[in-house]
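Single-structure report; data block below.
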There are 4 protein chains.
Amino acid sequence: MIAYLTPLGPDELRDAGIPAPWTFGMADRVRFGDLDALNHVNNVEYLRWYETLRFNYLTHYSIYELAGDDPKIVVKSVGVDYKAEVKRNTSYINVTRTVSMRNTSWKMEYATFVDGKITTTGDCVAVLLNDDNSKRSLSDALRETLISRDGAVQL
Amino acid sequence: MIAYLTPLGPDELRDAGIPAPWTFGMADRVRFGDLDALNHVNNVEYLRWYETLRFNYLTHYSIYELAGDDPKIVVKSVGVDYKAEVKRNTSYINVTRTVSMRNTSWKMEYATFVDGKITTTGDCVAVLLNDDNSKRSLSDALRETLISRDGAVQL
Amino acid sequence: MIAYLTPLGPDELRDAGIPAPWTFGMADRVRFGDLDALNHVNNVEYLRWYETLRFNYLTHYSIYELAGDDPKIVVKSVGVDYKAEVKRNTSYINVTRTVSMRNTSWKMEYATFVDGKITTTGDCVAVLLNDDNSKRSLSDALRETLISRDGAVQL
Amino acid sequence: MIAYLTPLGPDELRDAGIPAPWTFGMADRVRFGDLDALNHVNNVEYLRWYETLRFNYLTHYSIYELAGDDPKIVVKSVGVDYKAEVKRNTSYINVTRTVSMRNTSWKMEYATFVDGKITTTGDCVAVLLNDDNSKRSLSDALRETLISRDGAVQL
């Protein structure tokens with residue numbers, strides 16, 4: 001059985017039946033508080049899940065260290081697409097990867113897997129800022145990490 | 001001062017400085033629990049706000065009654081675009097309208113106004129289902145409501 | 001009809017049928033996101049409601065100003081007692097008052113009224129701290145406010 | 001390292017340095033969304049944690065099966081006492097046990113352990129109801145489980 005709340009790299013994800021190109025994931029389980037009056041995981045809750053995943057990803061990839069002094073990372077946009085509902089107590093694996101980079105931002109994709117099938121996908125554009133909220137270019141080291149680990153492309 | 005938590009139609013919105021084509025809104029105020037560790041409204045929270053707005057809209061437009069017997073309305077996708085942060089205790093007006101319709105679904109747009117300026121926009125595709133989760137065509141009465149009240153276009 | 005999200009003093013509360021000794025309140029309405037899988041307001045949500053109420057109370061009573069330089073106010077304990085469930089879209093009035101004070105803390109009581117009847121009650125002990133988390137005695141001005149406005153007793 | 005989101009019985013809890021009489025627990029880790037504007041776990045969030053714990057406990061102890069046909073379990077009251085703040089990304093173990101029983105209800109105690117120290121405690125009274133919301137006496141089998149597993153006392 002897969003370990004909960006533990007960073008999963010490409011090897012662990014493949015072992016869990018999650019295909020390339022997903023590179024980072026985390027297993028979790030639906031809580032009662034994730035459910036809404038329709039008795040399934042509330043659609044807003046997935047954004048909360050992906051937020052948790054994103055912070056774990058940024059930490060695990062050392063993005064804060066690679067981004068220069070006192071980096072500020074903000075979310076510019078998010079999107080979620082719902083394919084199937086998820087029910088009480090279900091175990092799931094949330095996965096992500098960075099697909100592309102621009103000068104000061106990068107785009108991540110998300111998916112939720114239940115029993116090897118995707119129930120939900122999402123994406124997010126993250127922007128790197130200086131302390132005064134001016135935009136900051138991604139460092140070479142940050143770009144190299146996203147390219148080598150995730151196969152991210154420069155746009 | 002504008003009334004909180006009260007359905008606002010086109011006239012009230014124009015009086016509040018919110019331009020056409022927005023047709024439905026609701027004023028509210030940031031709560032402490034809306035804030036995250038960065039001391040601004042958490043980006044997931046806007047989805048919660050738009051959910052509240054959507055239920056008020058569906059009720060106010062009698063969508064459940066116009067949709068036929070025992071309609072089920074589910075969210076197919078959501079998106080949010082963040083333009084400016086919103087701070088503690090700020091009063092805001094969330095607005096929405098239906099912009100387009102397909103056979104069994106419709107697309108809504110959202111925006112958050114603070115002091116007459118948009119801080120956040122979003123959208124959502126809602127799908128009409130039967131009890132057994134099969135798709136149901138929008139009734140003529142439902143289409144007419146969305147066309148006449150919101151200027152929605154048939155795609 | 002009572003104004004939502006607007007501080008209600010003793011007179012407005014009495015007009016709304018809420019008896020003495022409640023001194024401060026705020027009207028609000030159940031949102032879809034307040035509901036859980038049992039289709040009533042989730043029991044944790046009341047704590048969120050009372051948190052919002054407490055911040056409004058502290059602001060309205062100028063507690064932060066009366067508490068001295070850079071005050072820190074933390075919650076030492078909370079309790080909630082559930083008497084009746086609250087359903088979707090219900091309008092409610094949350095009320096509070098400070099009932100007693102000790103050297104560095106004070107105790108607040110809460111209640112939720114729906115149609116003039118109490119559905120839920122709660123309480124909270126708030127503690128005043130200095131910047132270094134050492135306890136700070138309540139100022140005389142703070143005590144006088146809580147005594148004269150709420151009838152709080154010194155323990 | 002202790003397994004996350006996995007039911008922990010007395011043996012696993014003792015191995016983790018958590019003393020008797022705690023009998024059931026679950027390890028978890030602070031998420032970004034658990035934090036509030038003060039950059040620590042929000043005090044309401046503990047109630048959410050204990051709700052998750054309670055559902056896991058009820059399932060693991062087969063309380064729903066032992067409670068008779070179509071049991072309804074509702075929360076009558078909750079309380080939380082905050083001793084120390086919990087910070088971002090911290091691993092914690094939430095524990096619980098039933099301490100006492102009355103005719104139709106039982107009382108649970110909660111605690112949060114971080115690095116072997118208690119940061120937060122709580123309690124809850126749960127009531128067993130029939131479908132029509134009338135109270136139902138606890139079955140002998142249910143009482144025996146709570147006595148033999150948790151050392152609960154009959155009041």
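Naming scheme: A, B, ... for chains in displayed order of the structure tokens; residues 1 onward per chain; ligands 1 onward as shown.
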Self-check item: Ala16 (chain C) surroundings by only C-alpha atoms, 12 Å radius, close-in-sequence under 4 positions cut, as a PyMOL selection string
Solution: chain C and resi 1-3+8-12+20+22+25-27+92-95+113-117
Take the residues just selected and output them with N, CA and C atoms as a PDB file, in the first residue's frame.
```
ATOM      1  N   MET C   1     -36.942  44.329   7.661  1.00  0.00           N
ATOM      2  CA  MET C   1     -35.951  43.253   7.695  1.00  0.00           C
ATOM      3  C   MET C   1     -34.618  43.763   8.234  1.00  0.00           C
ATOM      4  N   ILE C   2     -33.953  42.927   8.975  1.00  0.00           N
ATOM      5  CA  ILE C   2     -32.711  43.345   9.618  1.00  0.00           C
ATOM      6  C   ILE C   2     -31.571  43.409   8.590  1.00  0.00           C
ATOM      7  N   ALA C   3     -30.643  44.339   8.792  1.00  0.00           N
ATOM      8  CA  ALA C   3     -29.514  44.505   7.867  1.00  0.00           C
ATOM      9  C   ALA C   3     -28.472  43.420   8.126  1.00  0.00           C
ATOM     10  N   LEU C   8     -24.951  45.121  15.210  1.00  0.00           N
ATOM     11  CA  LEU C   8     -26.241  45.353  15.863  1.00  0.00           C
ATOM     12  C   LEU C   8     -26.003  45.558  17.354  1.00  0.00           C
ATOM     13  N   GLY C   9     -26.412  46.704  17.881  1.00  0.00           N
ATOM     14  CA  GLY C   9     -26.287  46.985  19.305  1.00  0.00           C
ATOM     15  C   GLY C   9     -27.535  46.535  20.050  1.00  0.00           C
ATOM     16  N   PRO C  10     -27.603  46.838  21.358  1.00  0.00           N
ATOM     17  CA  PRO C  10     -28.732  46.387  22.177  1.00  0.00           C
ATOM     18  C   PRO C  10     -30.091  46.786  21.593  1.00  0.00           C
ATOM     19  N   ASP C  11     -30.233  48.010  21.109  1.00  0.00           N
ATOM     20  CA  ASP C  11     -31.536  48.438  20.601  1.00  0.00           C
ATOM     21  C   ASP C  11     -31.964  47.629  19.386  1.00  0.00           C
ATOM     22  N   GLU C  12     -31.048  47.472  18.443  1.00  0.00           N
ATOM     23  CA  GLU C  12     -31.391  46.704  17.241  1.00  0.00           C
ATOM     24  C   GLU C  12     -31.689  45.245  17.600  1.00  0.00           C
ATOM     25  N   ALA C  20     -32.270  40.906  26.407  1.00  0.00           N
ATOM     26  CA  ALA C  20     -31.115  41.185  27.241  1.00  0.00           C
ATOM     27  C   ALA C  20     -30.670  39.859  27.852  1.00  0.00           C
ATOM     28  N   TRP C  22     -27.925  40.146  25.827  1.00  0.00           N
ATOM     29  CA  TRP C  22     -27.074  40.170  24.628  1.00  0.00           C
ATOM     30  C   TRP C  22     -26.878  41.597  24.153  1.00  0.00           C
ATOM     31  N   GLY C  25     -24.440  41.927  18.009  1.00  0.00           N
ATOM     32  CA  GLY C  25     -24.813  40.844  17.096  1.00  0.00           C
ATOM     33  C   GLY C  25     -24.584  41.212  15.651  1.00  0.00           C
ATOM     34  N   MET C  26     -24.782  40.227  14.807  1.00  0.00           N
ATOM     35  CA  MET C  26     -24.594  40.398  13.371  1.00  0.00           C
ATOM     36  C   MET C  26     -25.497  39.366  12.670  1.00  0.00           C
ATOM     37  N   ALA C  27     -26.279  39.846  11.724  1.00  0.00           N
ATOM     38  CA  ALA C  27     -27.147  38.944  10.959  1.00  0.00           C
ATOM     39  C   ALA C  27     -26.392  38.393   9.753  1.00  0.00           C
ATOM     40  N   TYR C  92     -29.887  34.026  10.081  1.00  0.00           N
ATOM     41  CA  TYR C  92     -29.653  33.868  11.520  1.00  0.00           C
ATOM     42  C   TYR C  92     -28.980  35.126  12.055  1.00  0.00           C
ATOM     43  N   ILE C  93     -29.065  35.281  13.369  1.00  0.00           N
ATOM     44  CA  ILE C  93     -28.345  36.378  14.030  1.00  0.00           C
ATOM     45  C   ILE C  93     -27.433  35.766  15.080  1.00  0.00           C
ATOM     46  N   ASN C  94     -26.143  36.019  14.950  1.00  0.00           N
ATOM     47  CA  ASN C  94     -25.182  35.589  15.961  1.00  0.00           C
ATOM     48  C   ASN C  94     -24.972  36.721  16.945  1.00  0.00           C
ATOM     49  N   VAL C  95     -25.011  36.406  18.234  1.00  0.00           N
ATOM     50  CA  VAL C  95     -24.862  37.431  19.267  1.00  0.00           C
ATOM     51  C   VAL C  95     -23.765  37.037  20.245  1.00  0.00           C
ATOM     52  N   PHE C 113     -29.347  32.819  16.909  1.00  0.00           N
ATOM     53  CA  PHE C 113     -30.816  32.901  16.911  1.00  0.00           C
ATOM     54  C   PHE C 113     -31.355  32.697  15.500  1.00  0.00           C
ATOM     55  N   VAL C 114     -32.339  31.827  15.384  1.00  0.00           N
ATOM     56  CA  VAL C 114     -33.077  31.656  14.135  1.00  0.00           C
ATOM     57  C   VAL C 114     -34.551  31.856  14.459  1.00  0.00           C
ATOM     58  N   ASP C 115     -35.182  32.815  13.809  1.00  0.00           N
ATOM     59  CA  ASP C 115     -36.598  33.109  14.082  1.00  0.00           C
ATOM     60  C   ASP C 115     -36.858  33.286  15.575  1.00  0.00           C
ATOM     61  N   GLY C 116     -35.962  33.994  16.236  1.00  0.00           N
ATOM     62  CA  GLY C 116     -36.168  34.325  17.646  1.00  0.00           C
ATOM     63  C   GLY C 116     -35.848  33.214  18.625  1.00  0.00           C
ATOM     64  N   LYS C 117     -35.396  32.057  18.115  1.00  0.00           N
ATOM     65  CA  LYS C 117     -35.072  30.941  19.012  1.00  0.00           C
ATOM     66  C   LYS C 117     -33.580  30.602  18.933  1.00  0.00           C
TER      67      LYS C 117
END
```
Quiz item: Within 10 Å of chain A, which residues of chain C show up when using only C-alpha atoms, listed as a PyMOL selection string?
Solution: chain C and resi 32-42+44+88
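Note that CA of Thr96 (chain B) and CA of Ile18 (chain B) are 11.3 Å apart.
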Quiz item: Running DSSP on the backbone, which parts of chain A land in strand (DSSP E), as a PyMOL selection string?
Solution: chain A and resi 24-29+72-82+91-101+105-114+117-129+153-154
